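The structure appears right after this line, and notes come after that.
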Amino acid sequence: MNESGRAIGEALRFYKLDVEALTVFHDELDIAPFRVKVKTGGGTAGHNGLRSTDQHLGPEFRRVRLGIGHPGHKDRVTSYVLGNYAKAEIEPLSDMLGAVAAEAKWLAEGDDVRFMNDVALRMQP
């Protein structure tokens, strides 16, 4: 994961694709758990995989940010990010991933707003 930018860059070059064809899905500490947001460009916020991708392709790639929440203190971030989900989180995680998969067609069509809206609607209780 930490060196994923190298492989992503090679894949884009092999298939002769521009960075506009790329969508990177990643965990995001700064978003509440099980929330989903899309943006193009931006910083890496200490995320090693994003840093690697930025180094190999530049920052202007689309990101699907999958919220995991923050553990509360920066000293706990590494173990939190690398740890497992709690048993009580498995069902909401499954629901979020199912919603992302079901609405991925909107990402493929370039309609990021519709993707986010439809995922949010599927996530409502």
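Convention: chains lettered A, B, ... in structure tokens order; per-chain residue numbering from 1; ligands numbered from 1 as shown.
Omitting His56 in chain A and its sequence neighbours fewer than 4 positions away, and counting only C-alpha atoms, the residues within 8 Å are Gly5, Arg6, Gly9 and Ser52 of chain A.
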Worksheet item: Which of range 7-83 of chain A counts as strand (DSSP E or B) under DSSP, as a list in words please?
Response: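 Here are the strand (DSSP E or B) residues of range 7-83 of chain A: Thr23, Val24, Phe25, His26, Asp27, Glu28, Val36, Lys37, Val38, Lys39, Thr40, Arg62, Arg63, Val64, Arg65, Leu66 and Gly67 of chain A.
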Same residues, N, CA, C and O atoms, saved as a CSV table (one decimal), in the first residue's frame:
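Resulting contents of part_24.csv:
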```csv
chain,number,residue,atom,x,y,z
A,23,THR,N,-9.4,6.3,-10.4
A,23,THR,CA,-10.1,6.6,-9.1
A,23,THR,C,-9.4,5.8,-8.0
A,23,THR,O,-9.3,4.5,-8.1
A,24,VAL,N,-9.0,6.4,-7.0
A,24,VAL,CA,-8.3,5.7,-5.9
A,24,VAL,C,-9.3,5.7,-4.7
A,24,VAL,O,-9.8,6.7,-4.3
A,25,PHE,N,-9.5,4.5,-4.2
A,25,PHE,CA,-10.4,4.3,-3.0
A,25,PHE,C,-9.5,4.2,-1.8
A,25,PHE,O,-8.5,3.4,-1.8
A,26,HIS,N,-9.7,5.0,-0.7
A,26,HIS,CA,-8.9,4.9,0.4
A,26,HIS,C,-9.6,5.3,1.7
A,26,HIS,O,-10.6,5.9,1.7
A,27,ASP,N,-9.0,4.8,2.8
A,27,ASP,CA,-9.6,5.1,4.1
A,27,ASP,C,-9.2,6.6,4.5
A,27,ASP,O,-8.2,7.1,4.0
A,28,GLU,N,-10.1,7.2,5.2
A,28,GLU,CA,-10.0,8.6,5.5
A,28,GLU,C,-10.3,8.9,7.0
A,28,GLU,O,-11.5,8.7,7.4
A,36,VAL,N,-19.0,8.4,2.9
A,36,VAL,CA,-18.2,8.4,1.6
A,36,VAL,C,-18.3,9.7,1.0
A,36,VAL,O,-19.3,10.3,0.8
A,37,LYS,N,-17.1,10.2,0.6
A,37,LYS,CA,-17.0,11.4,-0.2
A,37,LYS,C,-16.0,11.3,-1.3
A,37,LYS,O,-15.1,10.4,-1.3
A,38,VAL,N,-16.2,12.1,-2.4
A,38,VAL,CA,-15.4,12.0,-3.6
A,38,VAL,C,-14.8,13.4,-3.8
A,38,VAL,O,-15.5,14.4,-3.6
A,39,LYS,N,-13.5,13.4,-4.2
A,39,LYS,CA,-12.9,14.7,-4.6
A,39,LYS,C,-11.8,14.4,-5.5
A,39,LYS,O,-11.3,13.3,-5.6
A,40,THR,N,-11.5,15.4,-6.3
A,40,THR,CA,-10.3,15.3,-7.2
A,40,THR,C,-9.2,16.3,-6.6
A,40,THR,O,-9.5,17.4,-6.3
A,62,ARG,N,-8.7,11.5,-8.9
A,62,ARG,CA,-10.0,11.4,-8.1
A,62,ARG,C,-9.8,10.4,-7.0
A,62,ARG,O,-9.2,9.3,-7.1
A,63,ARG,N,-10.4,10.7,-5.9
A,63,ARG,CA,-10.3,9.9,-4.7
A,63,ARG,C,-11.7,9.7,-4.1
A,63,ARG,O,-12.5,10.6,-4.0
A,64,VAL,N,-12.0,8.4,-3.8
A,64,VAL,CA,-13.2,8.0,-3.1
A,64,VAL,C,-12.7,7.8,-1.6
A,64,VAL,O,-12.0,6.9,-1.4
A,65,ARG,N,-13.1,8.7,-0.8
A,65,ARG,CA,-12.7,8.7,0.6
A,65,ARG,C,-13.7,8.0,1.5
A,65,ARG,O,-14.8,8.4,1.6
A,66,LEU,N,-13.3,6.9,2.0
A,66,LEU,CA,-14.1,6.0,2.9
A,66,LEU,C,-13.8,6.3,4.3
A,66,LEU,O,-12.7,6.0,4.8
A,67,GLY,N,-14.8,6.9,5.0
A,67,GLY,CA,-14.6,7.4,6.4
A,67,GLY,C,-14.3,6.3,7.3
A,67,GLY,O,-15.1,5.3,7.4
```
So which residues touch Arg122 in chain A within 12 Å, counting only C-alpha atoms, skipping near sequence neighbours fewer than 4 positions away, as an mmCIF file with all heavy atoms, in the first residue's frame?
```cif
data_model
loop_
_atom_site.group_PDB
_atom_site.id
_atom_site.type_symbol
_atom_site.label_atom_id
_atom_site.label_comp_id
_atom_site.auth_asym_id
_atom_site.auth_seq_id
_atom_site.Cartn_x
_atom_site.Cartn_y
_atom_site.Cartn_z
ATOM 1 N N PHE A 34 -17.972 5.207 7.978
ATOM 2 C CA PHE A 34 -18.978 4.734 7.030
ATOM 3 C C PHE A 34 -19.606 5.848 6.194
ATOM 4 O O PHE A 34 -20.614 5.635 5.545
ATOM 5 C CB PHE A 34 -20.043 3.892 7.741
ATOM 6 C CG PHE A 34 -19.436 2.909 8.707
ATOM 7 C CD1 PHE A 34 -19.653 3.018 10.060
ATOM 8 C CD2 PHE A 34 -18.577 1.916 8.255
ATOM 9 C CE1 PHE A 34 -19.064 2.147 10.955
ATOM 10 C CE2 PHE A 34 -17.977 1.036 9.138
ATOM 11 C CZ PHE A 34 -18.221 1.143 10.491
ATOM 12 N N ARG A 35 -18.987 7.014 6.172
ATOM 13 C CA ARG A 35 -19.389 8.090 5.254
ATOM 14 C C ARG A 35 -18.479 8.002 4.039
ATOM 15 O O ARG A 35 -17.335 7.574 4.137
ATOM 16 C CB ARG A 35 -19.236 9.467 5.919
ATOM 17 C CG ARG A 35 -20.047 9.708 7.173
ATOM 18 C CD ARG A 35 -21.521 9.970 6.923
ATOM 19 N NE ARG A 35 -21.785 10.923 5.881
ATOM 20 C CZ ARG A 35 -22.006 12.225 6.051
ATOM 21 N NH1 ARG A 35 -22.005 12.738 7.245
ATOM 22 N NH2 ARG A 35 -22.252 12.999 5.021
ATOM 23 N N VAL A 36 -18.982 8.448 2.893
ATOM 24 C CA VAL A 36 -18.238 8.359 1.644
ATOM 25 C C VAL A 36 -18.251 9.717 0.960
ATOM 26 O O VAL A 36 -19.311 10.324 0.811
ATOM 27 C CB VAL A 36 -18.865 7.294 0.709
ATOM 28 C CG1 VAL A 36 -18.118 7.229 -0.619
ATOM 29 C CG2 VAL A 36 -18.884 5.927 1.383
ATOM 30 N N PRO A 92 -22.326 -2.313 9.461
ATOM 31 C CA PRO A 92 -22.301 -1.015 8.776
ATOM 32 C C PRO A 92 -21.221 -0.941 7.692
ATOM 33 O O PRO A 92 -21.426 -0.308 6.649
ATOM 34 C CB PRO A 92 -22.022 -0.002 9.888
ATOM 35 C CG PRO A 92 -22.205 -0.708 11.162
ATOM 36 C CD PRO A 92 -22.164 -2.172 10.897
ATOM 37 N N SER A 94 -20.169 -3.477 5.845
ATOM 38 C CA SER A 94 -20.721 -4.239 4.731
ATOM 39 C C SER A 94 -21.772 -3.420 3.977
ATOM 40 O O SER A 94 -21.807 -3.421 2.742
ATOM 41 C CB SER A 94 -21.329 -5.541 5.254
ATOM 42 O OG SER A 94 -21.884 -6.282 4.199
ATOM 43 N N ASP A 95 -22.618 -2.706 4.713
ATOM 44 C CA ASP A 95 -23.634 -1.853 4.092
ATOM 45 C C ASP A 95 -22.981 -0.755 3.251
ATOM 46 O O ASP A 95 -23.417 -0.482 2.126
ATOM 47 C CB ASP A 95 -24.537 -1.216 5.152
ATOM 48 C CG ASP A 95 -25.422 -2.228 5.862
ATOM 49 O OD1 ASP A 95 -25.571 -3.367 5.362
ATOM 50 O OD2 ASP A 95 -25.948 -1.882 6.939
ATOM 51 N N MET A 96 -21.942 -0.114 3.803
ATOM 52 C CA MET A 96 -21.257 0.953 3.073
ATOM 53 C C MET A 96 -20.616 0.409 1.798
ATOM 54 O O MET A 96 -20.768 0.981 0.721
ATOM 55 C CB MET A 96 -20.192 1.617 3.935
ATOM 56 C CG MET A 96 -19.427 2.711 3.187
ATOM 57 S SD MET A 96 -17.911 3.258 4.002
ATOM 58 C CE MET A 96 -16.885 1.814 3.871
ATOM 59 N N LEU A 97 -19.899 -0.693 1.913
ATOM 60 C CA LEU A 97 -19.226 -1.259 0.744
ATOM 61 C C LEU A 97 -20.235 -1.729 -0.301
ATOM 62 O O LEU A 97 -20.011 -1.577 -1.502
ATOM 63 C CB LEU A 97 -18.294 -2.393 1.168
ATOM 64 C CG LEU A 97 -17.112 -1.960 2.041
ATOM 65 C CD1 LEU A 97 -16.328 -3.183 2.513
ATOM 66 C CD2 LEU A 97 -16.214 -0.971 1.318
ATOM 67 N N GLY A 98 -21.360 -2.261 0.143
ATOM 68 C CA GLY A 98 -22.417 -2.657 -0.788
ATOM 69 C C GLY A 98 -22.993 -1.461 -1.523
ATOM 70 O O GLY A 98 -23.254 -1.520 -2.733
ATOM 71 N N ALA A 99 -23.195 -0.362 -0.793
ATOM 72 C CA ALA A 99 -23.715 0.863 -1.412
ATOM 73 C C ALA A 99 -22.724 1.424 -2.425
ATOM 74 O O ALA A 99 -23.110 1.850 -3.523
ATOM 75 C CB ALA A 99 -24.039 1.900 -0.331
ATOM 76 N N VAL A 100 -21.443 1.418 -2.082
ATOM 77 C CA VAL A 100 -20.403 1.902 -3.003
ATOM 78 C C VAL A 100 -20.400 1.051 -4.272
ATOM 79 O O VAL A 100 -20.376 1.576 -5.391
ATOM 80 C CB VAL A 100 -19.013 1.894 -2.322
ATOM 81 C CG1 VAL A 100 -17.897 2.069 -3.329
ATOM 82 C CG2 VAL A 100 -18.950 2.985 -1.254
ATOM 83 N N ALA A 101 -20.463 -0.260 -4.109
ATOM 84 C CA ALA A 101 -20.464 -1.151 -5.276
ATOM 85 C C ALA A 101 -21.708 -0.935 -6.132
ATOM 86 O O ALA A 101 -21.623 -0.875 -7.362
ATOM 87 C CB ALA A 101 -20.366 -2.609 -4.821
ATOM 88 N N ALA A 102 -22.861 -0.798 -5.499
ATOM 89 C CA ALA A 102 -24.114 -0.645 -6.237
ATOM 90 C C ALA A 102 -24.164 0.655 -7.029
ATOM 91 O O ALA A 102 -24.786 0.726 -8.088
ATOM 92 C CB ALA A 102 -25.294 -0.724 -5.273
ATOM 93 N N GLU A 103 -23.512 1.694 -6.531
ATOM 94 C CA GLU A 103 -23.580 3.007 -7.180
ATOM 95 C C GLU A 103 -22.315 3.352 -7.974
ATOM 96 O O GLU A 103 -22.195 4.452 -8.499
ATOM 97 C CB GLU A 103 -23.856 4.086 -6.128
ATOM 98 C CG GLU A 103 -25.148 3.880 -5.355
ATOM 99 C CD GLU A 103 -26.394 3.775 -6.220
ATOM 100 O OE1 GLU A 103 -26.403 4.321 -7.345
ATOM 101 O OE2 GLU A 103 -27.369 3.149 -5.773
ATOM 102 N N PHE A 115 -23.149 9.841 -7.415
ATOM 103 C CA PHE A 115 -22.586 8.713 -6.670
ATOM 104 C C PHE A 115 -22.700 8.959 -5.164
ATOM 105 O O PHE A 115 -23.225 8.119 -4.428
ATOM 106 C CB PHE A 115 -21.126 8.485 -7.070
ATOM 107 C CG PHE A 115 -20.396 7.525 -6.171
ATOM 108 C CD1 PHE A 115 -20.590 6.163 -6.285
ATOM 109 C CD2 PHE A 115 -19.521 7.988 -5.200
ATOM 110 C CE1 PHE A 115 -19.923 5.264 -5.452
ATOM 111 C CE2 PHE A 115 -18.852 7.110 -4.362
ATOM 112 C CZ PHE A 115 -19.055 5.741 -4.488
ATOM 113 N N MET A 116 -22.219 10.119 -4.698
ATOM 114 C CA MET A 116 -22.254 10.409 -3.260
ATOM 115 C C MET A 116 -23.681 10.455 -2.738
ATOM 116 O O MET A 116 -23.972 9.923 -1.658
ATOM 117 C CB MET A 116 -21.537 11.728 -2.959
ATOM 118 C CG MET A 116 -20.035 11.624 -3.045
ATOM 119 S SD MET A 116 -19.178 13.114 -2.495
ATOM 120 C CE MET A 116 -19.601 14.260 -3.798
ATOM 121 N N ASN A 117 -24.588 11.088 -3.483
ATOM 122 C CA ASN A 117 -25.993 11.179 -3.058
ATOM 123 C C ASN A 117 -26.633 9.798 -2.956
ATOM 124 O O ASN A 117 -27.309 9.496 -1.974
ATOM 125 C CB ASN A 117 -26.791 12.071 -4.011
ATOM 126 C CG ASN A 117 -26.463 13.535 -3.853
ATOM 127 O OD1 ASN A 117 -25.959 13.968 -2.824
ATOM 128 N ND2 ASN A 117 -26.743 14.307 -4.883
ATOM 129 N N ASP A 118 -26.441 8.984 -3.986
ATOM 130 C CA ASP A 118 -27.078 7.673 -3.985
ATOM 131 C C ASP A 118 -26.480 6.744 -2.939
ATOM 132 O O ASP A 118 -27.207 5.945 -2.329
ATOM 133 C CB ASP A 118 -27.019 7.056 -5.386
ATOM 134 C CG ASP A 118 -27.987 7.735 -6.356
ATOM 135 O OD1 ASP A 118 -28.671 8.692 -5.959
ATOM 136 O OD2 ASP A 118 -28.038 7.304 -7.521
#
```
Worksheet item: Neighbours of Gly42 in chain A within 9 Å (only C-alpha atoms; same-chain residues fewer than 2 positions away dropped), as an MDAnalysis selection string?
Response: chainID A and resid 39:40 44:45 59:61
Discussion item. Going by DSSP on the backbone, which residues of chain A come out as helix (DSSP H, G or I)? List them as number ranges by chain.
Written reply: A: 4-14, 19-21, 48-57, 74-82, 87-108, 112-123
Worksheet item: Separation of CA of Pro33 in chain A and CA of Tyr85 in chain A, in Å?
Response: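 Atom-to-atom, CA of Pro33 in chain A to CA of Tyr85 in chain A, that is 10.8 Å.
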Fill in: Nearby residues (only C-alpha atoms) at most 10 Å from Val81 in chain A, same-chain spacing under 6 positions excluded, as a list in words
Asp27, Glu28, Leu29, Ile68, Gly69, His70 and Pro71 of chain A
Only all heavy atoms, please: the residues just picked out, written as a CSV table (one decimal), in the first residue's frame.
```csv
chain,number,residue,atom,x,y,z
A,27,ASP,N,-9.0,4.8,2.8
A,27,ASP,CA,-9.6,5.1,4.1
A,27,ASP,C,-9.2,6.6,4.5
A,27,ASP,O,-8.2,7.1,4.0
A,27,ASP,CB,-9.0,4.2,5.2
A,27,ASP,CG,-7.5,4.2,5.3
A,27,ASP,OD1,-6.8,4.6,4.3
A,27,ASP,OD2,-7.0,3.6,6.3
A,28,GLU,N,-10.1,7.2,5.2
A,28,GLU,CA,-10.0,8.6,5.5
A,28,GLU,C,-10.3,8.9,7.0
A,28,GLU,O,-11.5,8.7,7.4
A,28,GLU,CB,-10.9,9.4,4.6
A,28,GLU,CG,-10.9,10.9,4.9
A,28,GLU,CD,-9.6,11.6,4.6
A,28,GLU,OE1,-9.1,11.5,3.5
A,28,GLU,OE2,-9.0,12.2,5.5
A,29,LEU,N,-9.3,9.3,7.8
A,29,LEU,CA,-9.5,9.5,9.2
A,29,LEU,C,-10.4,10.8,9.5
A,29,LEU,O,-11.0,10.8,10.5
A,29,LEU,CB,-8.1,9.8,9.8
A,29,LEU,CG,-7.2,8.7,10.1
A,29,LEU,CD1,-5.8,9.2,10.4
A,29,LEU,CD2,-7.7,7.8,11.2
A,68,ILE,N,-13.3,6.5,8.2
A,68,ILE,CA,-13.1,5.5,9.3
A,68,ILE,C,-13.1,6.2,10.6
A,68,ILE,O,-13.0,5.6,11.7
A,68,ILE,CB,-11.7,4.7,9.1
A,68,ILE,CG1,-10.5,5.7,9.1
A,68,ILE,CG2,-11.8,3.9,7.8
A,68,ILE,CD1,-9.2,4.9,9.1
A,69,GLY,N,-13.2,7.5,10.6
A,69,GLY,CA,-13.1,8.3,11.9
A,69,GLY,C,-11.7,8.4,12.4
A,69,GLY,O,-10.8,7.7,11.9
A,70,HIS,N,-11.6,9.1,13.4
A,70,HIS,CA,-10.3,9.3,14.1
A,70,HIS,C,-10.3,8.7,15.5
A,70,HIS,O,-11.3,8.9,16.2
A,70,HIS,CB,-10.0,10.8,14.1
A,70,HIS,CG,-8.5,11.2,14.4
A,70,HIS,ND1,-7.9,11.0,15.6
A,70,HIS,CD2,-7.6,11.6,13.5
A,70,HIS,CE1,-6.6,11.4,15.5
A,70,HIS,NE2,-6.4,11.7,14.2
A,71,PRO,N,-9.2,8.1,15.9
A,71,PRO,CA,-9.2,7.5,17.2
A,71,PRO,C,-9.1,8.5,18.4
A,71,PRO,O,-9.2,8.1,19.5
A,71,PRO,CB,-7.9,6.6,17.2
A,71,PRO,CG,-7.0,7.3,16.2
A,71,PRO,CD,-7.9,7.9,15.2
```
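With only C-alpha atoms taken into account, the protein and nucleic acid residues at most 7 Å from Ser4 in chain A (excluding it and anything under 2 positions from it in its own chain) are Met1, Asn2, Arg6, Ala7, Ile8, Gly49, Ser52 and Thr53 of chain A.
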Worksheet, complete the sentence: As a check of understanding: the span from CA of Thr78 in chain A to CA of Gly46 in chain A is 10.8 Å
